[in-house]
$ cat data.txt   # compact mmCIF, C-alpha atoms and all ligand atoms
# COMPACT_ATOMS: atom_id res chain seq x y z
CA MET A 3 45.62 -139.69 -168.62
CA SER A 4 42.36 -139.87 -170.46
CA ARG A 5 41.93 -140.10 -174.20
CA VAL A 6 38.77 -138.98 -175.96
CA TYR A 7 37.08 -140.52 -178.98
CA ASN A 8 38.44 -138.31 -181.72
CA PHE A 9 36.34 -138.05 -184.90
CA ASN A 10 38.54 -135.41 -186.54
CA PRO A 11 38.78 -135.66 -190.33
CA GLY A 12 42.56 -135.23 -190.49
CA PRO A 13 44.90 -135.04 -188.77
CA ALA A 14 42.95 -137.86 -187.24
CA CYS A 15 43.13 -140.40 -184.45
CA LEU A 16 45.94 -142.96 -184.47
CA PRO A 17 45.90 -146.50 -183.09
CA GLU A 18 46.74 -146.25 -179.39
CA GLU A 19 49.22 -149.09 -179.81
CA VAL A 20 51.15 -147.07 -182.39
CA LEU A 21 51.32 -144.05 -180.08
CA ARG A 22 52.52 -146.19 -177.18
CA GLU A 23 55.26 -147.78 -179.26
CA ALA A 24 56.41 -144.42 -180.58
CA ALA A 25 56.42 -143.02 -177.05
CA ALA A 26 58.51 -145.93 -175.79
CA GLU A 27 61.07 -145.38 -178.56
CA MET A 28 61.10 -141.61 -178.31
CA LEU A 29 64.29 -141.08 -176.29
CA ASP A 30 66.23 -144.06 -177.54
CA TYR A 31 65.21 -145.71 -180.79
CA ARG A 32 66.25 -149.36 -180.41
CA GLY A 33 69.61 -148.65 -178.84
CA ALA A 34 70.56 -145.77 -181.16
CA GLY A 35 70.69 -143.42 -178.17
CA MET A 36 68.55 -140.90 -180.04
CA SER A 37 65.05 -140.55 -181.45
CA VAL A 38 64.20 -141.10 -185.12
CA MET A 39 63.62 -137.33 -185.35
CA GLU A 40 67.27 -136.71 -184.52
CA MET A 41 68.75 -139.33 -186.79
CA SER A 42 70.41 -138.86 -190.16
CA HIS A 43 68.10 -139.84 -192.99
CA ARG A 44 71.15 -141.63 -194.45
CA ALA A 45 71.69 -143.69 -191.28
CA PRO A 46 71.19 -147.43 -191.76
CA ALA A 47 68.54 -147.41 -189.01
CA PHE A 48 66.44 -144.90 -190.90
CA GLU A 49 66.98 -146.56 -194.27
CA ALA A 50 65.64 -149.75 -192.68
CA ILE A 51 62.54 -147.85 -191.49
CA LEU A 52 61.96 -146.51 -195.00
CA GLN A 53 62.49 -149.85 -196.71
CA GLU A 54 60.26 -151.68 -194.27
CA ALA A 55 57.47 -149.12 -194.67
CA GLU A 56 57.62 -149.52 -198.44
CA ALA A 57 57.70 -153.32 -198.23
CA ASP A 58 54.74 -153.39 -195.84
CA LEU A 59 52.73 -150.99 -197.98
CA ARG A 60 53.48 -153.12 -201.06
CA SER A 61 52.37 -156.32 -199.37
CA LEU A 62 49.25 -154.78 -197.76
CA MET A 63 48.02 -153.16 -200.98
CA GLY A 64 49.41 -155.76 -203.38
CA ILE A 65 51.37 -153.12 -205.27
CA PRO A 66 52.96 -154.71 -208.36
CA ASP A 67 56.70 -154.30 -209.01
CA HIS A 68 56.13 -152.10 -212.03
CA TYR A 69 54.80 -149.41 -209.69
CA ALA A 70 57.08 -147.12 -207.70
CA VAL A 71 56.21 -146.00 -204.17
CA LEU A 72 57.29 -142.47 -203.32
CA PHE A 73 57.35 -140.84 -199.88
CA LEU A 74 56.93 -137.11 -200.49
CA GLN A 75 55.98 -133.89 -198.73
CA GLY A 76 53.63 -131.06 -199.65
CA GLY A 77 50.38 -132.79 -198.78
CA ALA A 78 47.82 -134.22 -201.15
CA SER A 79 47.31 -130.61 -202.27
CA GLN A 80 50.75 -130.53 -203.85
CA GLN A 81 49.72 -133.50 -205.97
CA PHE A 82 46.97 -131.34 -207.44
CA ALA A 83 49.85 -129.58 -209.28
CA MET A 84 52.40 -132.38 -209.59
CA VAL A 85 49.97 -134.65 -211.40
CA PRO A 86 49.34 -132.29 -214.33
CA MET A 87 52.95 -131.05 -214.38
CA ASN A 88 54.27 -134.58 -214.74
CA LEU A 89 51.55 -136.30 -216.75
CA SER A 90 50.75 -133.70 -219.39
CA ARG A 91 51.58 -134.71 -222.96
CA ASN A 92 48.59 -133.66 -225.03
CA GLY A 93 47.77 -130.84 -222.64
CA LYS A 94 44.34 -132.09 -221.59
CA ALA A 95 42.80 -134.02 -218.74
CA ASP A 96 39.31 -135.00 -217.56
CA TYR A 97 38.21 -134.51 -213.96
CA LEU A 98 35.33 -135.91 -211.95
CA VAL A 99 34.31 -133.17 -209.56
CA THR A 100 32.55 -134.83 -206.65
CA GLY A 101 33.56 -132.63 -203.75
CA SER A 102 35.81 -129.83 -202.54
CA PHE A 103 39.10 -131.61 -203.00
CA SER A 104 38.42 -132.81 -206.53
CA GLN A 105 37.23 -129.28 -207.32
CA LYS A 106 40.50 -127.88 -206.02
CA ALA A 107 42.43 -130.49 -207.97
CA ALA A 108 40.64 -129.51 -211.18
CA GLU A 109 41.19 -125.78 -210.55
CA GLU A 110 44.90 -126.31 -209.94
CA ALA A 111 45.24 -128.44 -213.06
CA ARG A 112 43.79 -125.57 -215.12
CA ARG A 113 47.10 -123.77 -214.58
CA PHE A 114 48.82 -126.42 -216.66
CA LEU A 115 46.40 -127.95 -219.11
CA ASP A 116 42.93 -127.96 -220.58
CA VAL A 117 40.55 -129.41 -218.02
CA ARG A 118 37.21 -130.90 -218.93
CA VAL A 119 34.85 -131.61 -216.06
CA ALA A 120 33.43 -135.00 -217.00
CA ALA A 121 30.86 -134.89 -214.19
CA THR A 122 30.05 -132.62 -211.28
CA GLY A 123 27.88 -133.12 -208.23
CA GLU A 124 27.83 -129.45 -207.36
CA GLU A 125 24.08 -128.88 -207.95
CA GLY A 126 23.19 -131.57 -205.39
CA ASN A 127 25.72 -130.07 -202.95
CA PHE A 128 27.87 -133.14 -203.57
CA SER A 129 25.47 -135.52 -201.84
CA HIS A 130 26.14 -138.29 -204.33
CA VAL A 131 28.69 -139.44 -206.89
CA PRO A 132 27.66 -140.04 -210.51
CA PRO A 133 26.98 -143.58 -211.75
CA VAL A 134 30.24 -144.54 -213.43
CA ASP A 135 28.66 -146.32 -216.39
CA ASN A 136 27.33 -143.16 -218.01
CA LEU A 137 30.58 -141.23 -217.96
CA THR A 138 32.49 -140.38 -221.10
CA PHE A 139 36.08 -139.23 -221.42
CA ARG A 140 38.13 -137.67 -224.18
CA PRO A 141 40.25 -140.45 -225.68
CA ASP A 142 43.25 -138.13 -226.07
CA SER A 143 43.15 -136.89 -222.48
CA ASP A 144 46.41 -137.42 -220.64
CA TYR A 145 44.53 -138.86 -217.67
CA VAL A 146 41.22 -138.96 -215.82
CA HIS A 147 41.29 -137.76 -212.20
CA LEU A 148 38.91 -138.77 -209.46
CA CYS A 149 38.74 -138.59 -205.69
CA LEU A 150 37.66 -142.01 -204.44
CA ASN A 151 36.32 -140.86 -201.07
CA ASN A 152 35.01 -137.35 -200.55
CA THR A 153 36.13 -136.45 -197.06
CA ILE A 154 33.97 -133.36 -196.63
CA PHE A 155 30.65 -134.53 -198.04
CA GLY A 156 30.84 -138.15 -196.91
CA THR A 157 30.47 -139.83 -200.28
CA ARG A 158 32.54 -142.28 -202.26
CA PHE A 159 32.78 -144.18 -205.51
CA SER A 160 32.13 -147.85 -204.92
CA ALA A 161 33.08 -148.68 -208.52
CA LEU A 162 35.68 -147.21 -210.86
CA PRO A 163 34.84 -145.88 -214.32
CA ASP A 164 36.21 -147.53 -217.41
CA THR A 165 38.26 -144.62 -218.75
CA GLY A 166 39.20 -146.24 -222.05
CA ASN A 167 42.49 -144.90 -223.33
CA PRO A 168 43.38 -142.31 -220.68
CA PRO A 169 44.88 -143.71 -217.48
CA LEU A 170 43.20 -143.20 -214.12
CA VAL A 171 44.64 -141.01 -211.34
CA GLY A 172 43.09 -141.34 -207.89
CA ASP A 173 43.18 -139.17 -204.78
CA LEU A 174 42.76 -141.81 -202.06
CA SER A 175 43.73 -139.56 -199.15
CA SER A 176 40.77 -140.41 -196.94
CA CYS A 177 40.20 -144.08 -197.82
CA ILE A 178 43.58 -145.63 -198.59
CA LEU A 179 44.15 -148.81 -196.53
CA SER A 180 40.48 -148.92 -195.51
CA GLU A 181 39.77 -151.86 -197.83
CA PRO A 182 41.55 -153.83 -200.56
CA VAL A 183 42.20 -151.89 -203.75
CA ASP A 184 43.13 -153.05 -207.24
CA VAL A 185 46.20 -150.87 -207.75
CA SER A 186 46.48 -151.97 -211.38
CA ARG A 187 43.30 -150.01 -212.21
CA TYR A 188 45.25 -146.81 -211.57
CA ALA A 189 48.28 -145.24 -213.21
CA LEU A 190 48.80 -143.12 -210.12
CA ILE A 191 47.41 -143.09 -206.59
CA TYR A 192 48.20 -140.39 -204.06
CA ALA A 193 47.26 -139.88 -200.43
CA GLY A 194 48.15 -137.51 -197.62
CA ALA A 195 49.11 -139.63 -194.62
CA GLN A 196 47.26 -137.75 -191.88
CA LYS A 197 43.90 -139.45 -192.42
CA ASN A 198 44.47 -143.16 -192.60
CA MET A 199 48.23 -143.73 -192.78
CA GLY A 200 49.79 -141.76 -189.98
CA ILE A 201 50.64 -138.14 -189.36
CA ALA A 202 50.81 -134.92 -191.38
CA GLY A 203 53.91 -134.13 -193.40
CA LEU A 204 53.94 -137.24 -195.58
CA THR A 205 52.24 -137.85 -198.90
CA VAL A 206 52.46 -141.27 -200.49
CA VAL A 207 52.46 -141.59 -204.28
CA ILE A 208 52.08 -144.95 -206.01
CA ILE A 209 52.90 -144.54 -209.67
CA ARG A 210 53.22 -146.93 -212.59
CA ARG A 211 56.85 -146.63 -213.60
CA ASP A 212 56.13 -146.00 -217.29
CA MET A 213 54.24 -142.83 -216.28
CA VAL A 214 57.40 -141.32 -214.81
CA ARG A 215 59.03 -139.13 -217.43
CA ASP A 216 62.45 -137.61 -217.81
CA ASP A 217 61.55 -135.34 -220.72
CA LEU A 218 59.58 -132.68 -218.84
CA PRO A 219 59.82 -128.98 -219.70
CA ASP A 220 62.82 -127.29 -218.07
CA SER A 221 60.47 -125.12 -216.05
CA VAL A 222 59.28 -128.06 -213.92
CA PRO A 223 61.25 -127.77 -210.65
CA THR A 224 63.47 -130.67 -209.63
CA MET A 225 61.52 -131.29 -206.44
CA LEU A 226 58.22 -131.46 -208.33
CA ARG A 227 59.34 -134.23 -210.68
CA TYR A 228 58.37 -137.80 -209.88
CA SER A 229 61.55 -138.91 -211.67
CA THR A 230 63.73 -137.10 -209.08
CA HIS A 231 62.18 -139.00 -206.20
CA MET A 232 61.88 -142.32 -207.98
CA LYS A 233 65.58 -142.34 -208.96
CA ALA A 234 66.62 -141.45 -205.42
CA ASP A 235 64.25 -143.93 -203.71
CA SER A 236 62.58 -141.02 -201.88
CA LEU A 237 65.94 -139.86 -200.50
CA TYR A 238 66.75 -137.06 -202.95
CA ASN A 239 66.64 -134.65 -200.01
CA THR A 240 65.63 -134.99 -196.37
CA PRO A 241 62.34 -136.86 -196.33
CA PRO A 242 59.71 -136.42 -193.57
CA CYS A 243 61.52 -138.95 -191.38
CA GLN A 244 59.24 -139.00 -188.35
CA ALA A 245 56.11 -139.17 -190.52
CA ILE A 246 57.54 -142.13 -192.47
CA TYR A 247 58.42 -143.83 -189.17
CA MET A 248 54.85 -143.33 -187.90
CA CYS A 249 53.39 -144.53 -191.19
CA GLY A 250 55.55 -147.65 -190.87
CA LYS A 251 54.08 -148.30 -187.44
CA VAL A 252 50.52 -147.90 -188.74
CA LEU A 253 51.29 -150.34 -191.55
CA ARG A 254 52.69 -152.88 -189.07
CA TRP A 255 49.58 -152.46 -186.94
CA LEU A 256 47.40 -153.14 -189.98
CA LYS A 257 49.37 -156.26 -190.87
CA GLY A 258 48.97 -157.51 -187.31
CA LEU A 259 45.23 -157.00 -187.61
CA GLY A 260 45.10 -159.25 -190.66
CA GLY A 261 45.54 -156.80 -193.53
CA LEU A 262 43.06 -154.87 -195.63
CA SER A 263 40.31 -157.49 -195.92
CA ALA A 264 40.14 -157.78 -192.15
CA MET A 265 40.24 -154.00 -191.84
CA ALA A 266 37.47 -153.64 -194.43
CA ALA A 267 35.19 -155.99 -192.47
CA ILE A 268 35.65 -153.88 -189.33
CA ASN A 269 35.10 -150.68 -191.31
CA ARG A 270 31.87 -152.01 -192.81
CA GLU A 271 30.68 -152.98 -189.35
CA LYS A 272 31.44 -149.50 -187.96
CA ALA A 273 29.75 -147.69 -190.84
CA ALA A 274 26.70 -149.97 -190.66
CA LEU A 275 26.31 -149.22 -186.95
CA LEU A 276 26.08 -145.52 -187.68
CA TYR A 277 24.06 -145.62 -190.91
CA ASP A 278 21.55 -148.08 -189.41
CA TYR A 279 21.05 -145.71 -186.53
CA LEU A 280 20.66 -142.72 -188.86
CA ASP A 281 18.14 -144.55 -191.04
CA GLN A 282 15.72 -145.08 -188.16
CA SER A 283 16.38 -141.85 -186.26
CA ARG A 284 13.66 -139.22 -185.94
CA VAL A 285 16.16 -136.46 -185.12
CA PHE A 286 19.21 -137.16 -187.27
CA ARG A 287 19.49 -137.94 -190.93
CA GLY A 288 22.42 -138.81 -193.18
CA THR A 289 23.18 -136.34 -195.96
CA ALA A 290 24.79 -138.69 -198.51
CA TYR A 291 22.64 -140.71 -200.90
CA PRO A 292 22.61 -144.36 -199.80
CA ASP A 293 24.33 -145.49 -203.03
CA SER A 294 27.21 -143.07 -202.43
CA ARG A 295 27.78 -143.44 -198.70
CA SER A 296 31.35 -143.25 -197.46
CA LEU A 297 32.66 -145.83 -195.01
CA MET A 298 35.15 -143.32 -193.61
CA ASN A 299 33.37 -139.96 -193.25
CA ILE A 300 29.74 -140.07 -192.23
CA THR A 301 27.86 -136.80 -192.60
CA PHE A 302 24.56 -136.07 -190.92
CA VAL A 303 22.30 -133.24 -189.78
CA THR A 304 19.33 -132.61 -187.57
CA GLY A 305 17.93 -130.13 -190.07
CA ASP A 306 18.34 -127.28 -187.62
CA LYS A 307 21.64 -125.42 -187.13
CA GLU A 308 21.02 -124.66 -183.46
CA ARG A 309 20.18 -128.25 -182.76
CA ASP A 310 23.32 -129.38 -184.62
CA ALA A 311 25.41 -127.09 -182.40
CA ALA A 312 23.61 -128.37 -179.30
CA PHE A 313 24.39 -131.96 -180.28
CA ILE A 314 28.08 -131.17 -180.87
CA ARG A 315 28.27 -129.67 -177.35
CA PHE A 316 26.34 -132.63 -175.91
CA ALA A 317 28.79 -135.04 -177.53
CA GLU A 318 31.87 -133.16 -176.30
CA GLN A 319 30.58 -133.35 -172.76
CA ARG A 320 30.61 -137.13 -173.24
CA GLY A 321 34.16 -137.26 -174.58
CA LEU A 322 33.31 -137.40 -178.30
CA TYR A 323 35.33 -134.81 -180.22
CA GLY A 324 35.74 -133.52 -183.76
CA LEU A 325 32.14 -134.03 -184.90
CA LYS A 326 31.54 -130.59 -186.38
CA GLY A 327 30.97 -130.77 -190.14
CA HIS A 328 33.20 -128.91 -192.57
CA ARG A 329 32.26 -125.24 -192.93
CA SER A 330 31.13 -125.84 -196.54
CA ALA A 331 28.87 -128.76 -195.60
CA GLY A 332 27.57 -127.80 -192.14
CA GLY A 333 25.98 -130.27 -189.74
CA MET A 334 28.03 -133.10 -188.34
CA ARG A 335 30.67 -135.44 -189.68
CA ALA A 336 32.02 -138.50 -187.94
CA SER A 337 35.35 -139.52 -189.46
CA ILE A 338 35.74 -143.17 -188.56
CA TYR A 339 39.05 -144.09 -190.15
CA ASN A 340 40.86 -147.37 -189.49
CA ALA A 341 42.13 -146.22 -186.10
CA MET A 342 38.65 -145.50 -184.71
CA PRO A 343 37.62 -148.55 -182.70
CA VAL A 344 34.13 -150.07 -182.96
CA GLN A 345 33.61 -148.97 -179.34
CA GLY A 346 34.06 -145.34 -180.42
CA VAL A 347 31.31 -145.64 -183.01
CA GLN A 348 29.08 -147.43 -180.52
CA ALA A 349 29.71 -144.60 -178.05
CA LEU A 350 28.64 -142.12 -180.72
CA VAL A 351 25.45 -144.04 -181.50
CA ASP A 352 24.66 -144.24 -177.76
CA CYS A 353 25.28 -140.51 -177.47
CA MET A 354 22.96 -139.78 -180.41
CA ALA A 355 20.27 -141.95 -178.86
CA ALA A 356 20.64 -140.14 -175.53
CA PHE A 357 20.37 -136.78 -177.29
CA GLU A 358 17.35 -137.97 -179.23
CA GLY A 359 15.71 -139.22 -176.03
CA ALA A 360 16.24 -135.84 -174.39
CA GLN A 361 14.50 -134.12 -177.35
CA ALA A 362 11.18 -135.87 -176.96
C1 LIG B 401 42.62 -133.97 -196.77
C2 LIG B 401 42.48 -134.22 -198.22
C3 LIG B 401 43.24 -133.51 -199.17
C4 LIG B 401 44.20 -132.42 -198.78
O1 LIG B 401 45.27 -132.97 -198.13
P1 LIG B 401 46.50 -132.07 -197.63
O2 LIG B 401 47.47 -133.11 -197.20
O3 LIG B 401 45.99 -131.21 -196.51
O4 LIG B 401 46.99 -131.27 -198.77
C5 LIG B 401 43.07 -133.83 -200.49
N1 LIG B 401 42.21 -134.78 -200.88
C6 LIG B 401 41.46 -135.47 -200.00
C7 LIG B 401 40.51 -136.52 -200.49
C8 LIG B 401 41.58 -135.21 -198.64
O5 LIG B 401 40.83 -135.89 -197.76
$ encode --input "data.txt" --output "structure tokens"
Amino acid sequence: MSRVYNFNPGPACLPEEVLREAAAEMLDYRGAGMSVMEMSHRAPAFEAILQEAEADLRSLMGIPDHYAVLFLQGGASQQFAMVPMNLSRNGKADYLVTGSFSQKAAEEARRFLDVRVAATGEEGNFSHVPPVDNLTFRPDSDYVHLCLNNTIFGTRFSALPDTGNPPLVGDLSSCILSEPVDVSRYALIYAGAQKNMGIAGLTVVIIRRDMVRDDLPDSVPTMLRYSTHMKADSLYNTPPCQAIYMCGKVLRWLKGLGGLSAMAAINREKAALLYDYLDQSRVFRGTAYPDSRSLMNITFVTGDKERDAAFIRFAEQRGLYGLKGHRSAGGMRASIYNAMPVQGVQALVDCMAAFEGAQA
């Protein structure tokens, strides 16, 4: 068996320890005589998995009691619709458009309410996020939406805007659990699990309970109401059992590592390794402005498409996979989520240096 260093943006690499544990429990989960995938979601063993995952997420992120944690399906993309469907009162919301996903979120919200784009980075091909101090929001907006880390363009907000009256909604799909976060700054946080929390099929929503409404228009489907899932503790219907189980294992792994502060220190170290290399390289250069650089998705180019493609092949021959940039951004992207070890990033830097040496 040989595992590669996998820089895929999502689904992404998982901690090897988590995979080994899941493999060991695959045929017989702790004496149940069956796998978690085959178990009733009402079985005490599964309810324990669900409760433990929620408890661990709460303690890792410091989620206050007046927030509900929901384990849903439909991907982060379904939240692009659920957020406006559930949070609309005045029929307006403000969006910060800093990349493809926040653009999609804003477009989807237009189906339901009046969207004002409070800032867009489109002209600069999303190579930086706006300084948060200069932003203004409509005081009667139902919420302000932002994407904290832009997976495709490799940028992130390192500070949150003061939104005034409207509450803040954050798409944290590609940075959740990568560093400590002040949950109380948000009314709602959502994240697809397949980047930093586990496997595809699960979307986690953290919502302040007073934002969950019962008085929605009749046309809002039962499954698309936060109230449905909050009242049923995420067991209204069959939840994504295996994905919740895997998420639970990732959370346990993170706790064992020392929690989010410890994780953040490792993530800063990994990102610094790569950015420091890029900053002195004569062949590669980072595409994100230094003040907007993501710790999770690091985008870079050689400035020549053929050379980019040659580097991606060169890297694959050395066991480094998933480095091709998104089709809308081009170049390369190294997604170095929590599960990517420092050694993987070092291997990438060594590979870039070898490629650079061969160019001379
Ligand atoms: C991947 C991603 C999405 C889309 O997630 P799906 O689960 O595929 O719907 C949305 N937002 C961000 C920031 C992402 O990284």
$ residues_near_ligand --input "data.txt" --ligand "ligand LIG 401 (chain B)" --cutoff "7 Å" --atoms "only C-alpha atoms and all ligand atoms" --output "list of chain:residue names"
A:Gly12, A:Gly76, A:Gly77, A:Ala78, A:Ser79, A:Gln80, A:Phe103, A:Cys149, A:Asn151, A:Asn152, A:Thr153, A:Asp173, A:Leu174, A:Ser175, A:Ser176, A:Gly194, A:Ala202, A:Thr205
$ residues_around --input "data.txt" --residues "His147 (chain A)" --least-positions-apart "3" --cutoff "6 Å" --atoms "all atoms listed in the file" --output "number ranges by chain"
A: 97, 171-172
$ closest_residue --input "data.txt" --among "A:Leu74, A:Ser330, A:Ala14, A:Ala341" --to "Ala193 (chain A)" --atoms "all atoms listed in the file"
A:Leu74
$ atom_distance --input "data.txt" --atom1 "CA of Gln361 (chain A)" --atom2 "CA of Ile300 (chain A)"
22.1 Å
$ atom_distance --input "data.txt" --atom1 "CA of Ala245 (chain A)" --atom2 "CA of Val207 (chain A)"
14.4 Å
$ closest_atom_pairs --input "data.txt" --of "region 117-222 of chain A" --to "region 264-280 of chain A" --cutoff "12 Å" --atoms "all atoms listed in the file" --output "Markdown table"
| residue | atom | partner | partner_atom | distance |
| --- | --- | --- | --- | --- |
| A:Gly156 | CA | A:Ala273 | CA | 11.4 |
| A:Cys177 | CA | A:Ala266 | CA | 10.5 |
| A:Ile178 | CA | A:Ala266 | CA | 10.9 |
| A:Leu179 | CA | A:Met265 | CA | 8.0 |
| A:Ser180 | CA | A:Ala266 | CA | 5.7 |
| A:Glu181 | CA | A:Ala266 | CA | 4.5 |
| A:Pro182 | CA | A:Ala266 | CA | 7.4 |
| A:Val183 | CA | A:Ala266 | CA | 10.6 |
| A:Asn198 | CA | A:Met265 | CA | 11.7 |
$ residues_around --input "data.txt" --residues "Gly288 (chain A)" --least-positions-apart "2" --cutoff "7 Å" --atoms "only C-alpha atoms" --output "PyMOL selection string"
chain A and resi 280+286+290+301-303
$ closest_residue --input "data.txt" --among "A:Arg91, A:Arg295, A:Arg315, A:Arg60" --to "Lys257 (chain A)" --atoms "all atoms listed in the file"
A:Arg60
$ atom_distance --input "data.txt" --atom1 "CA of Arg287 (chain A)" --atom2 "CA of Asn10 (chain A)"
19.7 Å
$ closest_residue --input "data.txt" --among "A:Met298, A:Leu322, A:Cys249, A:Leu115" --to "Ala349 (chain A)" --atoms "only C-alpha atoms"
A:Leu322
$ residues_around --input "data.txt" --residues "Ala24 (chain A)" --least-positions-apart "6" --cutoff "10 Å" --atoms "all atoms listed in the file" --output "PDB file with C-alpha atoms, in the frame of the given file"
ATOM      1  CA  GLU A  18      46.740-146.250-179.390  1.00  0.00           C
ATOM      2  CA  TYR A  31      65.210-145.710-180.790  1.00  0.00           C
ATOM      3  CA  SER A  37      65.050-140.550-181.450  1.00  0.00           C
ATOM      4  CA  VAL A  38      64.200-141.100-185.120  1.00  0.00           C
ATOM      5  CA  GLN A 244      59.240-139.000-188.350  1.00  0.00           C
ATOM      6  CA  TYR A 247      58.420-143.830-189.170  1.00  0.00           C
ATOM      7  CA  MET A 248      54.850-143.330-187.900  1.00  0.00           C
ATOM      8  CA  LYS A 251      54.080-148.300-187.440  1.00  0.00           C
TER       9      LYS A 251
END
$ build_atoms --input "data.txt" --residues "region 6-12 of chain A" --atoms "all heavy atoms" --output "mmCIF file, in the frame of the given file"
data_model
loop_
_atom_site.group_PDB
_atom_site.id
_atom_site.type_symbol
_atom_site.label_atom_id
_atom_site.label_comp_id
_atom_site.auth_asym_id
_atom_site.auth_seq_id
_atom_site.Cartn_x
_atom_site.Cartn_y
_atom_site.Cartn_z
ATOM 1 N N VAL A 6 40.147 -139.134 -175.509
ATOM 2 C CA VAL A 6 38.770 -138.980 -175.960
ATOM 3 C C VAL A 6 38.574 -139.819 -177.226
ATOM 4 O O VAL A 6 39.544 -140.293 -177.823
ATOM 5 C CB VAL A 6 38.445 -137.499 -176.264
ATOM 6 C CG1 VAL A 6 38.619 -136.654 -175.008
ATOM 7 C CG2 VAL A 6 39.313 -136.970 -177.401
ATOM 8 N N TYR A 7 37.326 -139.997 -177.642
ATOM 9 C CA TYR A 7 37.080 -140.520 -178.980
ATOM 10 C C TYR A 7 37.162 -139.325 -179.929
ATOM 11 O O TYR A 7 36.427 -138.357 -179.798
ATOM 12 C CB TYR A 7 35.726 -141.211 -179.065
ATOM 13 C CG TYR A 7 35.749 -142.584 -178.410
ATOM 14 C CD1 TYR A 7 34.887 -142.890 -177.366
ATOM 15 C CD2 TYR A 7 36.648 -143.559 -178.839
ATOM 16 C CE1 TYR A 7 34.909 -144.148 -176.772
ATOM 17 C CE2 TYR A 7 36.676 -144.816 -178.239
ATOM 18 C CZ TYR A 7 35.812 -145.103 -177.217
ATOM 19 O OH TYR A 7 35.839 -146.343 -176.632
ATOM 20 N N ASN A 8 38.094 -139.437 -180.866
ATOM 21 C CA ASN A 8 38.440 -138.310 -181.720
ATOM 22 C C ASN A 8 37.960 -138.585 -183.149
ATOM 23 O O ASN A 8 38.515 -139.445 -183.833
ATOM 24 C CB ASN A 8 39.964 -138.125 -181.654
ATOM 25 C CG ASN A 8 40.502 -137.170 -182.701
ATOM 26 O OD1 ASN A 8 39.750 -136.473 -183.372
ATOM 27 N ND2 ASN A 8 41.817 -137.144 -182.838
ATOM 28 N N PHE A 9 36.919 -137.837 -183.563
ATOM 29 C CA PHE A 9 36.340 -138.050 -184.900
ATOM 30 C C PHE A 9 36.845 -137.031 -185.906
ATOM 31 O O PHE A 9 36.211 -136.794 -186.927
ATOM 32 C CB PHE A 9 34.802 -137.998 -184.804
ATOM 33 C CG PHE A 9 34.214 -139.126 -183.993
ATOM 34 C CD1 PHE A 9 34.004 -138.989 -182.623
ATOM 35 C CD2 PHE A 9 33.888 -140.337 -184.593
ATOM 36 C CE1 PHE A 9 33.469 -140.035 -181.866
ATOM 37 C CE2 PHE A 9 33.351 -141.385 -183.852
ATOM 38 C CZ PHE A 9 33.139 -141.237 -182.486
ATOM 39 N N ASN A 10 37.990 -136.409 -185.615
ATOM 40 C CA ASN A 10 38.540 -135.410 -186.540
ATOM 41 C C ASN A 10 38.812 -136.011 -187.919
ATOM 42 O O ASN A 10 39.218 -137.158 -188.031
ATOM 43 C CB ASN A 10 39.862 -134.843 -185.980
ATOM 44 C CG ASN A 10 39.622 -133.731 -184.982
ATOM 45 O OD1 ASN A 10 38.675 -132.957 -185.134
ATOM 46 N ND2 ASN A 10 40.457 -133.649 -183.967
ATOM 47 N N PRO A 11 38.624 -135.174 -188.953
ATOM 48 C CA PRO A 11 38.780 -135.660 -190.330
ATOM 49 C C PRO A 11 40.232 -135.755 -190.795
ATOM 50 O O PRO A 11 40.518 -136.337 -191.830
ATOM 51 C CB PRO A 11 38.047 -134.597 -191.146
ATOM 52 C CG PRO A 11 38.169 -133.346 -190.332
ATOM 53 C CD PRO A 11 38.101 -133.804 -188.903
ATOM 54 N N GLY A 12 41.158 -135.174 -190.099
ATOM 55 C CA GLY A 12 42.560 -135.230 -190.490
ATOM 56 C C GLY A 12 43.238 -133.894 -190.267
ATOM 57 O O GLY A 12 42.724 -132.914 -190.784
#
